[in-house]
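Student: Sharing final-v1.txt (compact mmCIF, C-alpha atoms (C1' of nucleotides)) below.
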# COMPACT_ATOMS: atom_id res chain seq x y z
CA MET O 136 33.68 125.47 -133.91
CA ASN O 137 33.54 124.80 -130.22
CA LYS O 138 34.39 127.85 -128.21
CA ILE O 139 36.28 127.85 -124.98
CA LEU O 140 37.28 130.82 -122.90
CA VAL O 141 40.58 130.76 -121.04
CA ILE O 142 41.46 132.96 -118.12
CA CYS O 143 45.07 132.69 -117.04
CA GLY O 144 47.78 134.73 -115.35
CA PRO O 145 50.01 134.62 -112.32
CA THR O 146 48.76 133.67 -108.89
CA ALA O 147 46.76 136.09 -106.76
CA THR O 148 45.18 138.04 -109.57
CA GLY O 149 41.62 137.04 -108.82
CA LYS O 150 41.19 134.73 -111.77
CA THR O 151 38.61 132.45 -110.21
CA ALA O 152 36.38 135.26 -109.02
CA LEU O 153 36.36 136.86 -112.42
CA ALA O 154 35.81 133.56 -114.18
CA ALA O 155 32.86 132.84 -111.92
CA GLN O 156 31.40 136.19 -112.80
CA PHE O 157 31.66 135.39 -116.48
CA ALA O 158 30.22 131.94 -115.94
CA ARG O 159 27.12 133.64 -114.66
CA VAL O 160 26.98 136.20 -117.42
CA PHE O 161 27.65 133.82 -120.28
CA ASN O 162 26.11 130.66 -118.89
CA GLY O 163 29.37 128.84 -118.46
CA GLU O 164 31.11 126.34 -116.24
CA LEU O 165 34.65 126.52 -114.91
CA ILE O 166 37.51 124.11 -115.36
CA SER O 167 40.44 124.64 -113.03
CA ALA O 168 43.83 124.59 -114.74
CA ASP O 169 45.87 124.23 -111.62
CA SER O 170 48.30 121.44 -110.92
CA ARG O 171 47.63 121.43 -107.16
CA GLN O 172 43.95 121.95 -106.96
CA VAL O 173 43.38 118.55 -108.48
CA TYR O 174 44.36 117.04 -105.15
CA ARG O 175 41.82 116.30 -102.51
CA GLY O 176 42.44 117.73 -99.10
CA MET O 177 44.66 120.57 -100.13
CA ASP O 178 42.20 123.39 -100.01
CA LEU O 179 43.96 126.25 -98.31
CA ALA O 180 47.40 125.21 -99.44
CA SER O 181 46.38 125.18 -103.06
CA GLY O 182 44.07 128.15 -102.78
CA LYS O 183 40.82 126.57 -103.83
CA ASP O 184 38.12 129.16 -104.00
CA ARG O 185 34.69 127.62 -104.14
CA PRO O 186 32.63 129.81 -106.42
CA ASP O 187 28.88 129.37 -106.64
CA VAL O 188 29.13 128.05 -110.17
CA PRO O 189 30.21 124.55 -111.22
CA ILE O 190 33.95 124.10 -111.27
CA TRP O 191 35.65 121.02 -112.68
CA LEU O 192 38.94 119.38 -111.88
CA TYR O 193 39.09 120.23 -108.23
CA ASP O 194 39.72 117.20 -106.01
CA VAL O 195 40.08 114.60 -108.72
CA VAL O 196 42.91 112.57 -107.16
CA ALA O 197 44.26 111.71 -103.73
CA PRO O 198 47.45 113.48 -102.68
CA ASP O 199 49.52 110.35 -103.09
CA GLU O 200 48.30 109.57 -106.57
CA GLU O 201 50.25 110.23 -109.70
CA PHE O 202 49.12 113.14 -111.76
CA SER O 203 50.51 115.11 -114.66
CA VAL O 204 49.72 117.25 -117.68
CA SER O 205 48.66 114.19 -119.56
CA HIS O 206 45.98 113.31 -117.03
CA TRP O 207 44.86 116.86 -116.80
CA VAL O 208 44.42 117.32 -120.51
CA ARG O 209 42.40 114.16 -120.77
CA LEU O 210 40.11 115.18 -117.93
CA ALA O 211 39.81 118.69 -119.24
CA ARG O 212 38.77 117.46 -122.66
CA THR O 213 36.15 115.26 -121.13
CA ALA O 214 34.82 118.16 -119.10
CA ILE O 215 34.81 120.46 -122.09
CA ALA O 216 32.87 117.98 -124.18
CA ASP O 217 30.34 117.56 -121.42
CA ILE O 218 29.85 121.26 -120.93
CA ILE O 219 29.52 121.95 -124.62
CA LYS O 220 27.05 119.14 -125.05
CA ARG O 221 24.81 120.90 -122.58
CA GLY O 222 25.09 124.11 -124.51
CA LYS O 223 27.21 125.95 -122.02
CA LEU O 224 30.52 127.78 -122.30
CA PRO O 225 33.62 126.07 -120.89
CA ILE O 226 35.85 128.50 -119.05
CA ILE O 227 39.36 127.30 -118.29
CA VAL O 228 40.77 129.17 -115.33
CA GLY O 229 44.17 128.75 -113.76
CA GLY O 230 47.83 129.57 -113.54
CA THR O 231 49.49 126.38 -114.68
CA GLY O 232 50.61 127.54 -118.07
CA LEU O 233 51.88 124.19 -119.23
CA TYR O 234 48.48 122.61 -118.78
CA ILE O 235 46.70 125.27 -120.74
CA ASN O 236 49.27 125.12 -123.48
CA ALA O 237 49.04 121.38 -123.74
CA LEU O 238 45.29 121.57 -124.03
CA LEU O 239 45.31 124.16 -126.75
CA HIS O 240 48.38 122.89 -128.59
CA PRO O 241 48.75 119.13 -128.16
CA PHE O 242 52.32 117.83 -128.41
CA GLU O 243 53.39 114.40 -129.42
CA THR O 244 55.28 113.18 -126.36
CA ILE O 245 52.56 114.03 -123.88
CA ASP O 246 51.18 110.52 -123.58
CA ILE O 247 54.46 108.69 -123.33
CA PRO O 248 54.21 107.34 -119.80
CA PRO O 249 57.02 107.31 -117.26
CA ASN O 250 59.06 104.14 -117.33
CA LYS O 251 59.30 103.30 -113.65
CA ALA O 252 62.01 100.69 -113.92
CA LEU O 253 64.15 102.83 -116.13
CA ARG O 254 63.74 105.85 -113.92
CA LYS O 255 64.70 103.92 -110.87
CA LYS O 256 67.97 103.03 -112.51
CA LEU O 257 68.62 106.45 -113.95
CA TYR O 258 67.99 108.29 -110.71
CA LYS O 259 71.04 106.65 -109.25
CA LEU O 260 73.27 108.02 -111.96
CA SER O 261 75.16 111.26 -111.78
CA VAL O 262 74.26 114.14 -114.03
CA SER O 263 77.36 113.65 -116.12
CA ASP O 264 76.48 110.00 -116.66
CA LEU O 265 73.01 110.99 -117.77
CA GLN O 266 74.47 113.55 -120.13
CA LYS O 267 76.42 110.82 -121.87
CA MET O 268 73.12 109.21 -122.82
CA VAL O 269 71.67 112.33 -124.37
CA THR O 270 72.70 114.29 -127.41
CA ARG O 271 73.63 117.80 -126.47
CA GLY O 272 71.57 119.30 -129.25
CA ASP O 273 68.44 117.43 -128.16
CA ILE O 274 68.03 119.43 -125.03
CA ASN O 275 68.21 123.13 -124.40
CA ASP O 276 71.18 124.62 -122.59
CA SER O 277 69.31 125.45 -119.42
CA ASP O 278 68.28 121.84 -119.02
CA TRP O 279 71.65 120.28 -119.69
CA ASN O 280 72.15 119.93 -115.93
CA ASN O 281 68.56 119.12 -115.17
CA PRO O 282 68.35 115.47 -114.15
CA ARG O 283 64.59 115.29 -114.59
CA ARG O 284 64.67 116.52 -118.13
CA LEU O 285 67.66 114.38 -119.01
CA ILE O 286 65.90 111.30 -117.71
CA ARG O 287 62.73 112.19 -119.50
CA LYS O 288 64.69 112.59 -122.74
CA ILE O 289 66.23 109.16 -122.34
CA GLU O 290 62.85 107.72 -121.52
CA ILE O 291 61.26 109.22 -124.59
CA LYS O 292 63.98 107.92 -126.88
CA LYS O 293 62.65 104.41 -126.39
CA PHE O 294 59.33 105.39 -127.83
CA GLN O 295 58.19 106.22 -131.30
CA PRO O 296 56.82 109.71 -130.98
CA ARG O 297 53.37 109.80 -132.43
CA ARG O 298 51.02 112.54 -133.22
CA PRO O 299 48.14 112.62 -130.81
CA ALA O 300 45.04 111.10 -132.33
CA ASP O 301 42.85 113.50 -134.18
CA LEU O 302 42.16 115.85 -131.38
CA GLN O 303 39.43 118.32 -131.60
CA ALA O 304 40.67 121.87 -131.97
CA PHE O 305 39.03 124.75 -130.21
CA ASP O 306 38.10 128.26 -131.01
CA TYR O 307 39.59 129.85 -127.95
CA LEU O 308 40.01 133.27 -126.46
CA ILE O 309 42.70 133.72 -123.84
CA ILE O 310 42.42 136.43 -121.25
CA GLY O 311 45.51 137.17 -119.15
CA LEU O 312 45.15 138.83 -115.79
CA SER O 313 48.23 140.55 -114.48
CA ALA O 314 49.84 143.37 -112.57
CA SER O 315 53.34 144.47 -111.69
CA LEU O 316 55.42 142.13 -109.57
CA SER O 317 55.32 144.46 -106.59
CA VAL O 318 51.53 144.57 -106.71
CA LEU O 319 51.38 140.81 -106.97
CA ASP O 320 53.76 140.43 -104.05
CA THR O 321 51.61 142.45 -101.68
CA ARG O 322 48.50 140.57 -102.78
CA ILE O 323 50.30 137.28 -102.22
CA ASP O 324 51.38 138.31 -98.74
CA GLU O 325 47.92 139.36 -97.74
CA ARG O 326 46.39 136.20 -99.08
CA LEU O 327 48.92 134.07 -97.25
CA LYS O 328 48.15 135.80 -93.96
CA LYS O 329 44.49 135.11 -94.48
CA ARG O 330 45.07 131.46 -95.25
CA LEU O 331 47.23 130.99 -92.21
CA ARG O 332 44.46 132.44 -90.11
CA GLN O 333 42.06 129.99 -91.70
CA GLY O 334 44.26 127.10 -90.64
CA MET O 335 46.54 126.36 -93.56
CA LYS O 336 49.28 125.05 -91.31
CA GLU O 337 46.95 122.61 -89.63
CA GLU O 338 45.71 121.40 -92.99
CA ILE O 339 49.24 120.66 -94.12
CA MET O 340 50.16 118.95 -90.87
CA SER O 341 47.19 116.67 -91.03
CA LEU O 342 47.92 115.76 -94.63
CA LEU O 343 51.47 114.93 -93.72
CA LYS O 344 50.27 112.83 -90.85
CA THR O 345 47.80 110.95 -93.01
CA TYR O 346 50.21 110.15 -95.76
CA LYS O 347 53.46 110.20 -93.84
CA LYS O 348 55.61 109.60 -96.85
CA GLU O 349 56.65 112.31 -99.18
CA LEU O 350 53.87 113.28 -101.53
CA PRO O 351 54.48 114.41 -105.06
CA SER O 352 51.73 116.92 -104.54
CA MET O 353 53.29 118.34 -101.42
CA THR O 354 56.65 119.32 -102.77
CA ALA O 355 55.57 122.87 -102.57
CA ILE O 356 55.36 123.28 -98.84
CA GLY O 357 57.46 126.21 -97.80
CA LEU O 358 57.13 127.41 -101.31
CA ASN O 359 58.08 130.84 -102.37
CA GLU O 360 55.05 132.32 -104.02
CA HIS O 361 56.83 135.47 -105.04
CA ALA O 362 59.28 133.52 -107.12
CA TYR O 363 56.43 131.40 -108.36
CA ALA O 364 54.53 134.40 -109.65
CA ARG O 365 57.67 135.58 -111.34
CA ARG O 366 58.14 132.24 -113.09
CA GLN O 367 54.55 132.23 -114.20
CA LEU O 368 55.02 135.64 -115.75
CA THR O 369 58.14 134.44 -117.53
CA TRP O 370 56.16 131.60 -119.01
CA PHE O 371 53.07 133.57 -119.97
CA LYS O 372 55.09 136.46 -121.36
CA LYS O 373 56.14 134.51 -124.39
CA GLN O 374 52.71 133.17 -125.21
CA THR O 375 51.64 135.37 -128.05
CA ASP O 376 47.91 134.84 -128.10
CA ILE O 377 46.99 136.15 -124.68
CA HIS O 378 44.96 139.32 -124.31
CA TRP O 379 46.38 140.99 -121.24
CA PHE O 380 44.52 143.11 -118.73
CA ASP O 381 45.84 144.95 -115.71
CA ILE O 382 43.80 144.04 -112.65
CA ARG O 383 44.44 147.43 -111.14
CA SER O 384 42.52 149.16 -113.85
CA GLU O 385 39.07 150.29 -112.75
CA THR O 386 37.48 149.08 -115.93
CA CYS O 387 39.33 145.79 -116.11
CA ALA O 388 36.34 143.49 -115.72
CA ASP O 389 34.16 145.55 -118.04
CA ASP O 390 36.84 145.71 -120.72
CA ILE O 391 37.24 141.99 -120.62
CA GLU O 392 33.53 141.37 -120.74
CA LEU O 393 33.28 143.55 -123.79
CA LEU O 394 35.97 141.56 -125.54
CA VAL O 395 34.45 138.23 -124.57
CA ARG O 396 31.05 139.33 -125.73
CA LYS O 397 32.43 140.30 -129.11
CA TRP O 398 34.14 136.97 -129.48
CA TYR O 399 31.36 134.81 -128.13
CA THR O 400 28.28 136.16 -129.80
C1' G D 270 81.42 144.81 -62.95
C1' U D 271 84.48 140.23 -64.07
C1' C D 272 85.39 136.08 -67.34
C1' A D 273 84.50 133.90 -72.18
C1' G D 274 82.86 134.24 -77.16
C1' G D 275 81.51 137.21 -81.31
C1' A D 276 81.08 141.44 -85.07
C1' U D 277 81.98 139.29 -92.94
C1' G D 278 78.43 141.64 -98.87
C1' G D 279 70.02 142.21 -98.30
C1' C D 280 69.83 137.86 -94.60
C1' G D 281 72.13 133.23 -92.73
C1' G D 282 76.90 131.54 -92.65
C1' A D 283 82.35 129.92 -94.53
C1' G D 284 87.16 131.75 -94.66
C1' U D 285 91.77 132.85 -89.75
C1' G D 286 98.56 136.23 -93.41
C1' G D 287 99.17 136.17 -100.14
C1' U D 288 95.92 132.45 -105.67
C1' C D 289 89.76 136.93 -101.64
C1' A D 290 85.43 141.02 -104.46
C1' A D 291 85.72 136.92 -100.59
C1' U D 292 83.09 128.97 -100.74
C1' C D 293 77.99 127.94 -99.81
C1' G D 294 72.59 128.47 -98.68
C1' C D 295 68.38 131.89 -98.85
C1' A D 296 66.23 136.13 -100.90
C1' A D 297 66.43 139.27 -105.29
C1' C D 298 66.79 139.93 -110.74
C1' A D 299 66.75 137.77 -115.75
C1' G D 300 65.83 133.24 -118.49
C1' A D 301 64.51 128.13 -119.91
C1' C D 302 60.58 124.75 -120.01
C1' U D 303 56.24 119.94 -123.23
C1' G D 304 54.01 113.34 -118.04
C1' U D 305 56.71 115.65 -111.15
C1' A D 306 55.39 122.74 -113.72
C1' A D 307 53.52 125.89 -106.54
C1' A D 308 58.09 121.42 -109.73
C1' U D 309 62.93 121.23 -112.15
C1' C D 310 66.97 123.68 -114.35
C1' U D 311 70.38 127.99 -116.36
C1' G D 312 72.66 132.87 -115.75
C1' U D 313 73.55 137.46 -112.80
C1' C D 314 74.11 139.09 -107.97
C1' G D 315 80.02 145.46 -104.11
C1' C D 316 80.62 149.96 -107.54
C1' C D 317 82.30 151.84 -112.44
C1' C D 318 84.04 151.23 -117.70
C1' U D 319 83.56 147.25 -121.95
C1' A D 320 79.71 144.11 -127.09
C1' A D 321 83.25 140.74 -125.08
C1' C D 322 88.33 139.21 -123.44
C1' G D 323 89.43 142.42 -119.77
C1' G D 324 90.39 146.73 -116.76
C1' G D 325 89.74 150.41 -112.67
C1' C D 326 87.92 151.58 -107.70
C1' U D 327 86.09 150.60 -102.78
C1' C D 328 85.53 146.39 -99.32
C1' C D 329 85.02 141.82 -94.24
C1' C D 330 82.33 147.09 -87.03
C1' C D 331 85.70 151.87 -86.10
C1' A D 332 90.75 153.92 -85.35
C1' G D 333 95.70 152.89 -85.24
C1' G D 334 99.84 149.30 -85.71
C1' U D 335 102.97 144.93 -87.43
C1' U D 336 104.17 143.09 -92.47
C1' C D 337 106.68 143.29 -99.09
C1' G D 338 101.39 141.84 -98.33
C1' A D 339 95.82 141.68 -93.47
C1' A D 340 88.89 139.84 -93.69
C1' U D 341 92.76 136.98 -91.42
C1' C D 342 98.12 138.98 -86.48
C1' C D 343 98.66 143.13 -82.42
C1' U D 344 96.70 147.57 -79.54
C1' G D 345 92.69 150.67 -78.29
C1' G D 346 87.53 151.80 -78.96
C1' U D 347 82.20 150.68 -79.90
C1' C D 348 78.34 147.22 -79.95
C1' C D 349 76.25 142.11 -79.23
C1' U D 350 75.86 137.30 -76.82
C1' G D 351 76.76 133.35 -72.92
C1' A D 352 78.64 132.42 -67.89
C1' C D 353 79.87 134.43 -63.05
C1' A D 354 78.39 138.37 -60.12
Once more with this new file: its structure as structure tokens, please.
Tutor:
Amino acid sequence: MNKILVICGPTATGKTALAAQFARVFNGELISADSRQVYRGMDLASGKDRPDVPIWLYDVVAPDEEFSVSHWVRLARTAIADIIKRGKLPIIVGGTGLYINALLHPFETIDIPPNKALRKKLYKLSVSDLQKMVTRGDINDSDWNNPRRLIRKIEIKKFQPRRPADLQAFDYLIIGLSASLSVLDTRIDERLKKRLRQGMKEEIMSLLKTYKKELPSMTAIGLNEHAYARRQLTWFKKQTDIHWFDIRSETCADDIELLVRKWYT
RNA sequence: GUCAGGAUGGCGGAGUGGUCAAUCGCAACAGACUGUAAAUCUGUCGCCCUAACGGGCUCCCCAGGUUCGAAUCCUGGUCCUGACA
């Protein structure tokens, strides 16, 4: 079966660097699993490292274009097929857990597109009005007051859910890179300082000037990366098939390489 | 030095006699998550006990006072800010 290696984990753990290293060792190519790095022009803001190995799914859309898991999975599958065809190892690397999950475990509502007209109407409604259109049991408690999810639920109702067409399954190995929150926080702070020095603010300003209007891709300006890392950990924590490694361990990279080697050869 | 304004929980900032352990925002902590995911949403957030309902304690710069009752009123301190010197 087709093998793909996945390297995930919270932000600021050095995923890309490690993935690039493995790409060299195992003759692979990278595929970024990051919901912001797909946008052109957001280099510093989205933390695009440019390794000296091929990396896919950077800069695939303009900042004002629509993009979502669905698009990403499609592109990722195309990239994977291409890489495999050339006899190389696809290495998925990134911190957007939903994307990775959707690639590995396709779900049936993923390709139901947004209904613009319907959304426009629904966005004007209050949360309690939206709730009247959804069955309580159809949505989890935490999302009962979440307008986006409520609207999405209503939107989906109008469609017949269908199993995604016979999608190719993968033989995958997932490596998780992590560290304690306090370690991550200091790494995040240092990285942010560096990016600001490199001109991150200017990059954002010029993007805003170019596109003026609010960009779906720019909702994260003024973001709180500490909280973000925390949320990523919450998500990844419950994925059961990740092999975790602590980046502070001296032998981290070697341990991982050993595991990958065992799986790959 | 004089005049004016102000000191509230990690921060910002409401409240100006009782229903105040004190609205709200941020941060923090825990959680959810399936076409916006760096997003969106839920819960906790003075201390202690309880599985929970609930209960106890200490609180709004400090010290006194008024009052049945004070974060809120009065007096005196201390510190901060703006204006005049």
Student: Find the distance between CA of Arg322 in chain O and CA of Val208 in chain O and write it in Å to one decimal.
Tutor: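 Answer for the CA of Arg322 in chain O to CA of Val208 in chain O separation: 29.5 Å.
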Student: Please tabulate, as CSV, the residues of chain D that come within 12 Å of chain O, each with its closest pair of atoms and the distance in Å to one decimal, counting only C-alpha atoms (C1' of nucleotides) and ordering rows by chain, then residue number upward.
Tutor:
residue,atom,partner,partner_atom,distance
D:C295,C1',O:Asn359,CA,10.9
D:A296,C1',O:Ala362,CA,9.7
D:A297,C1',O:Ala362,CA,9.4
D:C298,C1',O:Arg365,CA,10.1
D:A299,C1',O:Thr369,CA,9.4
D:G300,C1',O:Thr369,CA,7.8
D:A301,C1',O:Ser277,CA,5.5
D:C302,C1',O:Trp370,CA,8.2
D:U303,C1',O:Phe242,CA,6.8
D:G304,C1',O:Ser203,CA,5.2
D:U305,C1',O:Pro351,CA,6.6
D:A306,C1',O:Leu233,CA,6.7
D:A307,C1',O:Ala355,CA,5.4
D:A308,C1',O:Thr354,CA,7.4
D:U309,C1',O:Arg283,CA,6.6
D:C310,C1',O:Asn281,CA,4.9
D:U311,C1',O:Ser277,CA,4.1
D:G312,C1',O:Ser277,CA,8.9
Student: Could you work out how far CA of Ser263 in chain O lies from CA of Gln295 in chain O, giving the answer in Å with one decimal?
Tutor: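 Atom-to-atom, CA of Gln295 in chain O to CA of Ser263 in chain O, that is 25.6 Å.
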Student: Between O:Lys344, O:Arg383, O:Lys223, O:Arg185, which is the closest to Val318 in chain O once you count only C-alpha atoms?
Tutor: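 Between O:Lys344, O:Arg383, O:Lys223, O:Arg185, the residue approaching Val318 in chain O most closely is O:Arg383.
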Student: What does the distance from CA of Leu153 in chain O to CA of Asp184 in chain O come to in Å, to one decimal?
Tutor: 11.5 Å
Student: Excluding same-chain residues fewer than 2 positions from Ile339 in chain O, what lies within 10 Å of it counting only C-alpha atoms (C1' of nucleotides), as a list in words?
Tutor: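 Within the cut-off, the hits are Gly176, Met177, Asp178, Leu179, Ala180, Gly334, Met335, Lys336, Glu337, Ser341, Leu342, Leu343, Lys344, Thr345, Met353 and Ile356 of chain O.
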Student: Could you turn the residues from that selection into a file that holds C-alpha atoms, as a PDB file, in the coordinates of the input?
Tutor:
ATOM      1  CA  GLY O 176      42.440 117.730 -99.100  1.00  0.00           C
ATOM      2  CA  MET O 177      44.660 120.570-100.130  1.00  0.00           C
ATOM      3  CA  ASP O 178      42.200 123.390-100.010  1.00  0.00           C
ATOM      4  CA  LEU O 179      43.960 126.250 -98.310  1.00  0.00           C
ATOM      5  CA  ALA O 180      47.400 125.210 -99.440  1.00  0.00           C
ATOM      6  CA  GLY O 334      44.260 127.100 -90.640  1.00  0.00           C
ATOM      7  CA  MET O 335      46.540 126.360 -93.560  1.00  0.00           C
ATOM      8  CA  LYS O 336      49.280 125.050 -91.310  1.00  0.00           C
ATOM      9  CA  GLU O 337      46.950 122.610 -89.630  1.00  0.00           C
ATOM     10  CA  SER O 341      47.190 116.670 -91.030  1.00  0.00           C
ATOM     11  CA  LEU O 342      47.920 115.760 -94.630  1.00  0.00           C
ATOM     12  CA  LEU O 343      51.470 114.930 -93.720  1.00  0.00           C
ATOM     13  CA  LYS O 344      50.270 112.830 -90.850  1.00  0.00           C
ATOM     14  CA  THR O 345      47.800 110.950 -93.010  1.00  0.00           C
ATOM     15  CA  MET O 353      53.290 118.340-101.420  1.00  0.00           C
ATOM     16  CA  ILE O 356      55.360 123.280 -98.840  1.00  0.00           C
TER      17      ILE O 356
END
